[in-house]
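S.K.: So here's start-v6.txt, just compact mmCIF, C-alpha atoms and all ligand atoms:
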# COMPACT_ATOMS: atom_id res chain seq x y z
CA MET A 8 0.00 0.00 0.00
CA ASN A 9 1.38 3.42 -0.98
CA ILE A 10 0.23 6.65 0.61
CA LEU A 11 0.35 10.34 -0.26
CA LEU A 12 1.20 13.01 2.32
CA THR A 13 0.69 16.55 0.99
CA CYS A 14 2.30 19.82 2.10
CA VAL A 15 4.74 17.77 4.21
CA GLY A 16 6.69 20.92 5.16
CA LEU A 17 8.21 20.44 8.60
CA ARG A 18 6.34 17.24 9.39
CA VAL A 19 9.25 14.80 9.60
CA ASP A 20 7.38 13.27 12.57
CA VAL A 21 4.36 12.43 10.41
CA VAL A 22 6.45 11.05 7.54
CA GLN A 23 8.53 8.86 9.87
CA SER A 24 5.49 7.50 11.71
CA PHE A 25 3.75 6.53 8.46
CA ARG A 26 6.90 4.86 7.15
CA ASP A 27 7.06 2.90 10.38
CA ALA A 28 3.35 1.98 10.22
CA LEU A 29 3.67 0.87 6.58
CA ALA A 30 6.66 -1.32 7.45
CA ARG A 31 4.64 -2.96 10.23
CA ARG A 32 1.84 -3.68 7.77
CA GLY A 33 4.14 -5.35 5.26
CA GLY A 34 5.53 -2.43 3.29
CA GLY A 35 4.58 0.45 1.06
CA LEU A 36 5.90 3.84 0.06
CA VAL A 37 5.34 7.31 1.48
CA ILE A 38 4.95 9.77 -1.39
CA GLY A 39 5.40 13.32 -0.08
CA THR A 40 4.68 16.62 -1.79
CA ASP A 41 5.63 20.20 -1.09
CA SER A 42 5.94 23.36 -3.14
CA SER A 43 9.38 24.07 -1.63
CA PRO A 44 12.23 21.81 -2.80
CA ILE A 45 13.95 22.39 0.56
CA ALA A 46 10.96 21.44 2.76
CA PRO A 47 12.77 19.52 5.55
CA ALA A 48 10.34 16.57 5.49
CA LEU A 49 10.77 15.86 1.76
CA PRO A 50 14.08 13.92 1.98
CA PHE A 51 12.48 11.62 4.57
CA CYS A 52 9.79 10.49 2.09
CA ASP A 53 10.38 7.43 -0.10
CA VAL A 54 9.35 9.54 -3.09
CA ALA A 55 9.53 13.34 -3.00
CA VAL A 56 7.33 15.18 -5.49
CA ALA A 57 7.49 18.91 -6.25
CA ALA A 58 3.99 20.37 -6.10
CA PRO A 59 2.49 23.71 -7.09
CA ALA A 60 1.52 26.04 -4.23
CA ALA A 61 -1.78 24.98 -2.64
CA ALA A 62 -3.45 28.20 -3.81
CA ALA A 63 -2.28 27.76 -7.44
CA PRO A 64 -4.93 26.82 -10.03
CA GLY A 65 -3.58 23.34 -10.93
CA TYR A 66 -3.07 22.17 -7.33
CA ALA A 67 -5.98 19.71 -7.02
CA ALA A 68 -5.28 18.19 -10.44
CA HIS A 69 -1.66 17.69 -9.41
CA VAL A 70 -2.64 15.85 -6.21
CA LEU A 71 -5.05 13.63 -8.13
CA ALA A 72 -2.45 12.83 -10.80
CA THR A 73 0.22 12.08 -8.15
CA ALA A 74 -2.12 9.75 -6.22
CA LYS A 75 -2.98 7.96 -9.45
CA GLU A 76 0.60 7.68 -10.71
CA HIS A 77 1.81 6.08 -7.46
CA GLY A 78 -1.27 3.97 -6.80
CA CYS A 79 -1.92 5.62 -3.43
CA SER A 80 -4.68 4.29 -1.14
CA LEU A 81 -4.62 7.20 1.29
CA VAL A 82 -4.15 10.96 1.06
CA LEU A 83 -3.45 13.02 4.15
CA PRO A 84 -2.75 16.77 4.31
CA CYS A 85 0.04 17.60 6.77
CA SER A 86 -0.71 21.33 7.13
CA GLU A 87 -3.62 23.75 6.88
CA TRP A 88 -2.67 25.09 3.46
CA ASP A 89 -4.53 22.64 1.22
CA LEU A 90 -7.37 21.43 3.47
CA VAL A 91 -10.23 22.90 1.45
CA GLU A 92 -8.69 21.94 -1.91
CA LEU A 93 -8.24 18.32 -0.80
CA ALA A 94 -11.66 18.09 0.85
CA ASP A 95 -13.32 19.02 -2.45
CA LEU A 96 -11.16 16.42 -4.18
CA GLY A 97 -12.45 13.57 -1.95
CA PRO A 98 -14.96 12.10 -4.45
CA ALA A 99 -12.46 12.18 -7.36
CA LEU A 100 -9.84 10.45 -5.19
CA ALA A 101 -12.39 7.84 -4.05
CA ALA A 102 -13.09 7.11 -7.71
CA ILE A 103 -9.46 5.94 -8.11
CA GLY A 104 -9.58 3.89 -4.89
CA CYS A 105 -7.88 6.46 -2.71
CA GLN A 106 -9.34 7.66 0.60
CA ALA A 107 -8.86 11.30 1.55
CA PHE A 108 -8.47 11.46 5.33
CA LEU A 109 -10.28 14.69 5.91
CA PRO A 110 -13.93 15.74 6.12
CA SER A 111 -16.24 16.65 3.24
CA GLY A 112 -15.77 20.07 1.66
CA GLU A 113 -18.72 21.43 3.64
CA ALA A 114 -17.44 20.07 6.98
CA THR A 115 -13.88 21.25 6.29
CA ARG A 116 -15.08 24.80 5.50
CA ARG A 117 -17.07 24.72 8.74
CA CYS A 118 -13.89 24.06 10.74
CA VAL A 119 -11.80 26.58 8.81
CA ASP A 120 -14.38 29.36 9.42
CA LYS A 121 -14.43 29.78 13.21
CA LEU A 122 -17.72 31.74 13.15
CA ALA A 123 -19.51 28.99 11.19
CA MET A 124 -18.01 26.43 13.58
CA ALA A 125 -19.24 28.22 16.70
CA ARG A 126 -22.75 28.43 15.21
CA HIS A 127 -22.75 24.77 14.21
CA LEU A 128 -21.63 23.68 17.68
CA GLU A 129 -24.29 25.82 19.32
CA ALA A 130 -26.96 24.29 17.06
CA HIS A 131 -25.79 20.85 18.24
CA GLY A 132 -25.97 21.75 21.92
CA LEU A 133 -22.17 21.96 22.31
CA ALA A 134 -20.51 24.86 24.08
CA SER A 135 -18.27 27.49 22.57
CA PRO A 136 -17.59 31.06 23.74
CA ARG A 137 -20.31 33.48 22.61
CA THR A 138 -19.22 34.45 19.09
CA PHE A 139 -20.68 37.20 16.88
CA ASP A 140 -20.40 38.72 13.47
CA PRO A 141 -19.16 42.33 14.02
CA SER A 142 -22.43 43.61 12.51
CA GLU A 143 -24.55 41.75 15.08
CA LEU A 144 -23.00 42.56 18.45
CA PRO A 145 -25.44 42.25 21.37
CA ALA A 146 -25.98 44.96 23.97
CA ASP A 147 -24.85 42.62 26.75
CA LEU A 148 -21.44 41.76 25.22
CA ARG A 149 -19.14 40.68 28.07
CA PHE A 150 -15.61 42.11 27.98
CA PRO A 151 -12.83 41.17 27.55
CA VAL A 152 -13.49 39.98 24.00
CA LEU A 153 -11.24 38.92 21.15
CA VAL A 154 -11.39 40.21 17.60
CA LYS A 155 -10.42 37.03 15.75
CA MET A 156 -9.82 36.43 12.09
CA ARG A 157 -12.54 34.00 10.96
CA GLU A 158 -10.09 31.86 9.00
CA GLY A 159 -7.14 32.44 11.32
CA ARG A 160 -4.36 29.96 11.96
CA GLY A 161 -1.14 29.95 13.91
CA SER A 162 -2.63 32.43 16.42
CA GLU A 163 -2.61 35.17 13.77
CA GLY A 164 -5.12 38.02 13.57
CA ILE A 165 -6.25 37.85 17.22
CA TYR A 166 -6.66 41.08 19.23
CA ARG A 167 -7.74 41.21 22.86
CA CYS A 168 -10.06 44.08 23.74
CA ALA A 169 -10.76 45.14 27.33
CA ASN A 170 -13.57 47.56 26.49
CA GLN A 171 -15.71 49.10 23.74
CA ILE A 172 -13.05 51.68 22.79
CA GLU A 173 -10.46 48.97 22.14
CA LEU A 174 -13.04 46.86 20.31
CA ASP A 175 -13.94 49.73 17.97
CA PHE A 176 -10.24 50.35 17.36
CA PHE A 177 -9.37 46.74 16.48
CA LEU A 178 -12.46 46.23 14.32
CA ALA A 179 -11.42 49.29 12.32
CA HIS A 180 -7.75 48.21 12.35
CA THR A 181 -8.12 44.65 11.06
CA THR A 182 -8.34 44.22 7.29
CA LEU A 183 -9.32 40.54 7.29
CA PRO A 184 -12.83 39.10 7.77
CA SER A 185 -13.10 38.83 11.54
CA MET A 186 -15.53 37.95 14.32
CA VAL A 187 -15.92 38.95 17.95
CA GLN A 188 -15.59 36.22 20.56
CA GLU A 189 -15.90 36.52 24.32
CA ALA A 190 -12.65 35.62 26.04
CA CYS A 191 -12.42 32.47 28.12
CA SER A 192 -10.72 32.60 31.50
CA GLY A 193 -10.35 28.90 32.29
CA THR A 194 -7.57 26.45 31.46
CA GLU A 195 -7.00 25.56 27.82
CA TYR A 196 -6.79 21.93 26.65
CA SER A 197 -6.38 20.15 23.36
CA ILE A 198 -7.67 16.72 22.35
CA ASP A 199 -6.20 14.72 19.48
CA VAL A 200 -9.03 12.75 17.90
CA LEU A 201 -9.24 10.08 15.22
CA CYS A 202 -12.48 9.39 13.34
CA ASP A 203 -13.14 6.53 10.98
CA LEU A 204 -14.27 7.07 7.40
CA ASN A 205 -17.93 7.14 8.48
CA GLY A 206 -17.30 9.88 11.04
CA GLN A 207 -17.36 7.74 14.18
CA CYS A 208 -14.73 8.88 16.68
CA ILE A 209 -12.46 5.93 17.50
CA ASP A 210 -9.93 7.71 19.73
CA ALA A 211 -9.57 10.96 21.67
CA ILE A 212 -6.43 11.77 23.67
CA PRO A 213 -6.52 14.91 25.86
CA ARG A 214 -3.46 16.94 26.78
CA SER A 215 -2.65 19.97 28.83
CA MET A 216 -1.18 22.92 26.94
CA ILE A 217 1.86 23.81 29.00
CA GLN A 218 3.44 26.14 26.44
CA SER A 219 2.79 27.22 22.85
CA LYS A 220 4.90 29.31 20.48
CA GLY A 221 3.49 30.83 17.31
CA GLY A 222 0.38 28.65 17.50
CA GLU A 223 2.37 25.43 17.89
CA GLN A 224 2.33 23.53 21.14
CA ILE A 225 5.87 22.94 22.34
CA LYS A 226 5.15 21.49 25.79
CA GLY A 227 2.17 19.37 26.87
CA THR A 228 1.20 16.29 28.87
CA THR A 229 -1.46 13.63 28.31
CA ILE A 230 -3.91 13.71 31.19
CA GLU A 231 -6.52 11.51 32.85
CA ASP A 232 -9.73 13.37 32.00
CA PRO A 233 -12.85 11.48 30.87
CA ALA A 234 -14.81 14.73 30.40
CA LEU A 235 -12.27 15.94 27.81
CA VAL A 236 -12.34 12.58 26.01
CA GLU A 237 -16.10 13.06 25.69
CA VAL A 238 -15.70 16.66 24.47
CA GLY A 239 -13.31 15.41 21.79
CA ARG A 240 -15.65 12.62 20.72
CA SER A 241 -18.86 14.66 20.66
CA VAL A 242 -17.33 17.68 18.90
CA ALA A 243 -15.52 15.55 16.30
CA GLU A 244 -18.73 13.69 15.47
CA ALA A 245 -20.93 16.82 15.46
CA LEU A 246 -18.59 18.60 13.04
CA GLY A 247 -18.33 15.58 10.74
CA LEU A 248 -14.58 14.96 11.08
CA ARG A 249 -13.06 12.09 9.13
CA GLY A 250 -9.51 10.99 9.91
CA PRO A 251 -7.39 12.87 12.45
CA GLY A 252 -8.19 16.21 14.08
CA THR A 253 -7.59 18.38 17.10
CA VAL A 254 -10.26 19.95 19.31
CA GLN A 255 -9.23 22.89 21.51
CA CYS A 256 -11.33 24.05 24.42
CA PHE A 257 -11.29 25.99 27.68
CA ARG A 258 -12.68 24.50 30.91
CA GLU A 259 -14.85 27.37 32.16
CA ALA A 260 -16.56 25.35 34.91
CA PRO A 261 -16.13 21.71 36.04
CA ASN A 262 -18.61 20.57 33.43
CA ARG A 263 -18.47 23.36 30.88
CA HIS A 264 -15.93 23.13 28.06
CA GLU A 265 -16.05 25.94 25.52
CA VAL A 266 -14.62 24.92 22.15
CA THR A 267 -12.52 27.61 20.44
CA ASP A 268 -10.74 25.83 17.59
CA VAL A 269 -11.03 22.56 15.67
CA ASN A 270 -8.41 21.56 13.11
CA PRO A 271 -9.54 18.76 10.77
CA ARG A 272 -6.00 17.46 10.29
CA ILE A 273 -3.19 15.69 12.09
CA GLY A 274 -2.23 17.77 15.14
CA GLY A 275 0.93 19.83 15.40
CA ALA A 276 1.77 18.02 18.65
CA PHE A 277 1.13 14.61 17.04
CA PRO A 278 4.25 12.87 18.51
CA LEU A 279 2.56 13.14 21.92
CA PRO A 280 -0.62 11.09 21.22
CA LEU A 281 1.59 8.71 19.23
CA ALA A 282 3.89 8.18 22.22
CA ALA A 283 0.82 7.74 24.44
CA GLY A 284 -0.19 4.69 22.41
CA GLY A 285 -2.57 6.33 19.93
CA ASP A 286 -1.17 4.66 16.84
CA TYR A 287 -3.20 6.79 14.42
CA PRO A 288 -1.03 6.13 11.32
CA PHE A 289 -1.36 2.35 11.70
CA ARG A 290 -5.11 2.63 12.23
CA MET A 291 -5.51 4.98 9.25
CA LEU A 292 -3.75 2.42 7.04
CA ALA A 293 -6.17 -0.25 8.28
CA LEU A 294 -9.14 2.04 7.57
CA ALA A 295 -7.80 2.82 4.09
CA ALA A 296 -7.55 -0.94 3.47
CA GLY A 297 -11.27 -1.24 4.27
CA GLU A 298 -10.75 -2.99 7.61
CA THR A 299 -12.97 -2.36 10.62
CA VAL A 300 -11.09 -0.56 13.39
CA ALA A 301 -12.70 -0.78 16.83
CA PRO A 302 -13.00 2.39 18.95
CA ARG A 303 -10.40 2.58 21.72
CA LEU A 304 -11.36 5.72 23.61
CA GLY A 305 -9.71 6.24 26.98
CA THR A 306 -6.95 3.63 26.60
CA TYR A 307 -4.03 6.06 26.11
CA ALA A 308 -1.11 6.39 28.53
CA ARG A 309 -1.51 9.25 31.00
CA GLY A 310 1.36 11.53 32.06
CA VAL A 311 3.37 11.36 28.83
CA THR A 312 5.04 14.75 28.22
CA LEU A 313 6.12 16.37 24.96
CA SER A 314 8.91 18.94 25.08
CA ARG A 315 10.05 20.16 21.70
CA PHE A 316 13.34 21.45 20.34
CA TYR A 317 14.53 22.65 16.96
CA HIS A 318 16.27 20.42 14.51
CA GLN A 319 17.31 20.89 10.89
CA VAL A 320 18.12 19.35 7.59
CA LEU A 321 21.10 20.56 5.55
CA PHE A 322 21.17 20.36 1.77
CA GLY A 323 24.36 20.28 -0.33
CA PRO A 324 24.85 22.47 -3.43
CA ASP A 325 23.20 19.71 -5.48
CA GLY A 326 20.04 19.98 -3.37
CA VAL A 327 20.57 16.56 -1.78
CA MET A 328 20.32 16.22 1.99
CA LEU A 329 23.78 15.99 3.58
CA PRO A 330 24.34 12.72 5.44
CA GLY A 331 25.22 12.36 9.08
CA LEU A 332 23.25 15.34 10.28
CA THR A 333 19.75 13.95 10.67
CA LEU A 334 18.18 12.96 13.94
CA ALA A 335 17.86 9.34 12.88
CA GLU A 336 21.57 9.11 12.17
CA ARG A 337 22.70 10.57 15.46
CA SER A 338 23.51 8.46 18.45
CA GLN A 339 21.21 8.58 21.47
CA PRO A 340 22.24 11.02 24.23
N1 LIG B 401 -12.18 32.79 23.28
C1 LIG B 401 -10.91 32.75 23.68
N2 LIG B 401 -10.58 33.08 24.95
C2 LIG B 401 -9.29 33.08 25.39
N3 LIG B 401 -8.25 32.75 24.62
C3 LIG B 401 -8.50 32.41 23.33
C4 LIG B 401 -9.84 32.38 22.80
N4 LIG B 401 -9.75 32.01 21.51
C5 LIG B 401 -8.46 31.80 21.24
N5 LIG B 401 -7.69 32.05 22.32
C6 LIG B 401 -6.21 31.90 22.42
O1 LIG B 401 -5.62 32.14 21.17
C7 LIG B 401 -4.96 30.97 20.67
C8 LIG B 401 -5.20 30.83 19.18
O2 LIG B 401 -6.59 30.79 18.91
P1 LIG B 401 -7.28 29.62 18.09
O3 LIG B 401 -8.74 29.85 18.11
O4 LIG B 401 -6.81 28.30 18.59
O5 LIG B 401 -6.77 29.91 16.63
P2 LIG B 401 -5.62 29.26 15.69
O6 LIG B 401 -6.37 28.68 14.54
O7 LIG B 401 -4.78 30.41 15.30
O8 LIG B 401 -4.91 28.19 16.49
C9 LIG B 401 -5.55 29.82 21.48
O9 LIG B 401 -4.66 28.74 21.61
C10 LIG B 401 -5.88 30.48 22.80
O10 LIG B 401 -4.76 30.45 23.70
MG MG B 402 -5.63 26.71 17.73
What's the structure tokens form of this structure?
M.R.:
Amino acid sequence: MNILLTCVGLRVDVVQSFRDALARRGGGLVIGTDSSPIAPALPFCDVAVAAPAAAAPGYAAHVLATAKEHGCSLVLPCSEWDLVELADLGPALAAIGCQAFLPSGEATRRCVDKLAMARHLEAHGLASPRTFDPSELPADLRFPVLVKMREGRGSEGIYRCANQIELDFFLAHTTLPSMVQEACSGTEYSIDVLCDLNGQCIDAIPRSMIQSKGGEQIKGTTIEDPALVEVGRSVAEALGLRGPGTVQCFREAPNRHEVTDVNPRIGGAFPLPLAAGGDYPFRMLALAAGETVAPRLGTYARGVTLSRFYHQVLFGPDGVMLPGLTLAERSQP
């Protein structure tokens, strides 16, 4: 079985874990694409393919042609850049026997647009902070609030406003479509979920968010927390996730979890749920092969901590990765 990982970028962790899962299932190649020839994850793929930028007109056709050429059974986006493009491509990929591990176009757009997501969750009886279109602000708006870019990512386009004067200023200041969301004051958590191809949640692993930098979690610990497992499951199923995702929420009261962000893709802190026993790559391969994968909610290891550091790839003048400098080739400390 061959698989296609798109926009691999920095995701050496994802590439390595799929190579490992494929080896355990009897073999297969990881085909990786990126628009940058020096994306650090590309040399770790079995086959590296140069792709157009996700926003370029021929992007979807290129993904389809690549999946076809290499006989891929699974397509997984590794970043946010091409989520909507790939979601719309799902039916065309299915027609060539390839499963796209992300939700339908409609469900993907719902996650990408944080205002649409908040409304959808509310309609399904799930909590999120009160969220408004700037043209429909209520008289009883509770400060502090955040002006947030509707399609924000990486913590960009978020402005905290303590009062009406600041709110008016930031609404006038921001140039991107934004919304107004009441600020949470509780503790923030993230749950790495995995849904099968019919949208049933088969795993949900909660973690504390000890430290984030530029929207990426760099320190976190898996925690014993059945309420968060249930938040992950119910939100993933209500939003129609398919494949991996992350659900972020704030605990505002012992039994009130307000959901602020859902990413319908493999989480940035993915090595943590993997180390905690959530073998999502192996289970995705089984799902792509048409096998039934039983739900395993709540079985992860508690107290596993992720603490990240920087690493790098070096390319020679010929564009080939220099040997001896990769993590895999270094001796253990
Ligand atoms: N309603 C909120 N109240 C308090 N903090 C928030 C709220 N929404 C977002 N944040 C903070 O901003 C960060 C980024 O917001 P998020 O909605 O996760 O967007 P992104 O897609 O950029 O990750 C969150 O991790 C959280 O710390
Ligand atoms: Mg987020």
S.K.: For chain A against ligand LIG 401 (chain B), with a cut-off of 7 Å and counting all atoms listed in the file, what is the closest atom pair and its distance in Å to one decimal for every residue that makes the cut, ordered by chain and number, as a tab-separated table?
M.R.:
residue	atom	partner	partner_atom	distance
A:Pro136	CA	B:LIG401	N1	5.7
A:Leu153	CA	B:LIG401	N1	6.6
A:Gly159	CA	B:LIG401	O6	5.0
A:Arg160	CA	B:LIG401	O7	3.4
A:Gly161	CA	B:LIG401	O7	3.9
A:Ser162	CA	B:LIG401	O7	3.2
A:Glu163	CA	B:LIG401	O7	5.5
A:Ile165	CA	B:LIG401	O1	7.0
A:Gln188	CA	B:LIG401	N1	5.5
A:Glu189	CA	B:LIG401	N1	5.4
A:Ala190	CA	B:LIG401	N2	3.5
A:Cys191	CA	B:LIG401	N2	3.7
A:Ser192	CA	B:LIG401	C2	6.3
A:Glu195	CA	B:LIG401	O10	6.8
A:Gly222	CA	B:LIG401	O8	5.4
A:Gln255	CA	B:LIG401	O4	6.6
A:Thr267	CA	B:LIG401	O3	5.0
A:Asp268	CA	B:LIG401	O3	4.5
S.K.: Kindly indicate which residue among A:Pro47, A:Pro84, A:Gly274, A:Gly323 lies nearest to ligand MG 402 (chain B), using all atoms listed in the file for the distances.
M.R.: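 Residue with the minimum atom-to-atom distance to ligand MG 402 (chain B): A:Gly274.
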S.K.: Would you pick out the contacts of range 110-125 of chain A at 7 Å or less, using only C-alpha atoms, so that residues sharing its chain but fewer than 4 positions from it are not included, and give the list as a ChimeraX atom specification?
M.R.: /A:91,94-95,129,135,138,157-158,186,246-249,268-271
S.K.: Report, in Å with one decimal, the straight-line distance from CA of Gly285 in chain A to CA of Asp41 in chain A.
M.R.: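 These two atoms are separated by 26.5 Å.
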S.K.: How many Å lie between CA of Val236 in chain A and CA of Leu93 in chain A, rounded to one decimal?
M.R.: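 Straight-line distance from CA of Val236 in chain A to CA of Leu93 in chain A works out to 27.7 Å.
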S.K.: Which residues, written as a short mmCIF file (atom, residue, chain, number, x, y, z; two decimals) with C-alpha atoms, in the coordinates of the input, have at least one atom at most 9 Å from range 24-29 of chain A, with all atoms listed in the file counted and residues fewer than 4 positions away on the same chain left out?
M.R.:
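Dumped everything to out_1.cif:
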data_model
loop_
_atom_site.label_atom_id
_atom_site.label_comp_id
_atom_site.auth_asym_id
_atom_site.auth_seq_id
_atom_site.Cartn_x
_atom_site.Cartn_y
_atom_site.Cartn_z
CA MET A 8 0.00 0.00 0.00
CA ASN A 9 1.38 3.42 -0.98
CA ILE A 10 0.23 6.65 0.61
CA VAL A 19 9.25 14.80 9.60
CA ASP A 20 7.38 13.27 12.57
CA GLY A 33 4.14 -5.35 5.26
CA GLY A 34 5.53 -2.43 3.29
CA GLY A 35 4.58 0.45 1.06
CA LEU A 36 5.90 3.84 0.06
CA VAL A 37 5.34 7.31 1.48
CA CYS A 52 9.79 10.49 2.09
CA ASP A 53 10.38 7.43 -0.10
CA PRO A 278 4.25 12.87 18.51
CA LEU A 281 1.59 8.71 19.23
CA ASP A 286 -1.17 4.66 16.84
CA PRO A 288 -1.03 6.13 11.32
CA PHE A 289 -1.36 2.35 11.70
CA ARG A 290 -5.11 2.63 12.23
CA LEU A 292 -3.75 2.42 7.04
#
S.K.: How would you write as an MDAnalysis selection string the residues that get within 10 Å of (-0.2, 17.8, 29.4) in the file's frame, counting all atoms listed in the file?
M.R.: chainID A and resid 196:197 213:218 226:231 279 309:313
S.K.: Separation of atom MG of ligand MG 402 (chain B) and CA of Cys256 in chain A, in Å?
M.R.: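 One can read the atom MG of ligand MG 402 (chain B) to CA of Cys256 in chain A distance as 9.2 Å.
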S.K.: With all atoms listed in the file as the basis for distance, which of A:Arg149, A:Ala260, A:Val320, A:Asp325 is at the shortest distance from Pro50 in chain A?
M.R.: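 Closest to Pro50 in chain A of all the choices is A:Val320.
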S.K.: Please check which residues have atoms at most 9 Å from (-5.9, 20.0, 12.4) in the file's coordinates, counting all atoms listed in the file, and write them as a ChimeraX atom specification.
M.R.: /A:85-87,199,251-254,269-275
S.K.: Need to verify the contact set: range 55-59 of chain A, 8 Å, all atoms listed in the file, exclusion of same-chain residues closer than 2 positions in sequence. Can you return it as a list in words?
M.R.: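 The contact residues come out as Ile38, Gly39, Thr40, Asp41, Ser42, Ser43, Pro44, Leu49, Pro50, Cys52, Asp53, Ala61, Ala63, Gly65, Tyr66 and His69 of chain A.
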S.K.: Report as a ChimeraX atom specification all protein, DNA and RNA residues lying within 7 Å of range 238-240 of chain A, evaluated on all atoms listed in the file, omitting residues in the same chain fewer than 5 positions from it.
M.R.: /A:198,200,208,211,254
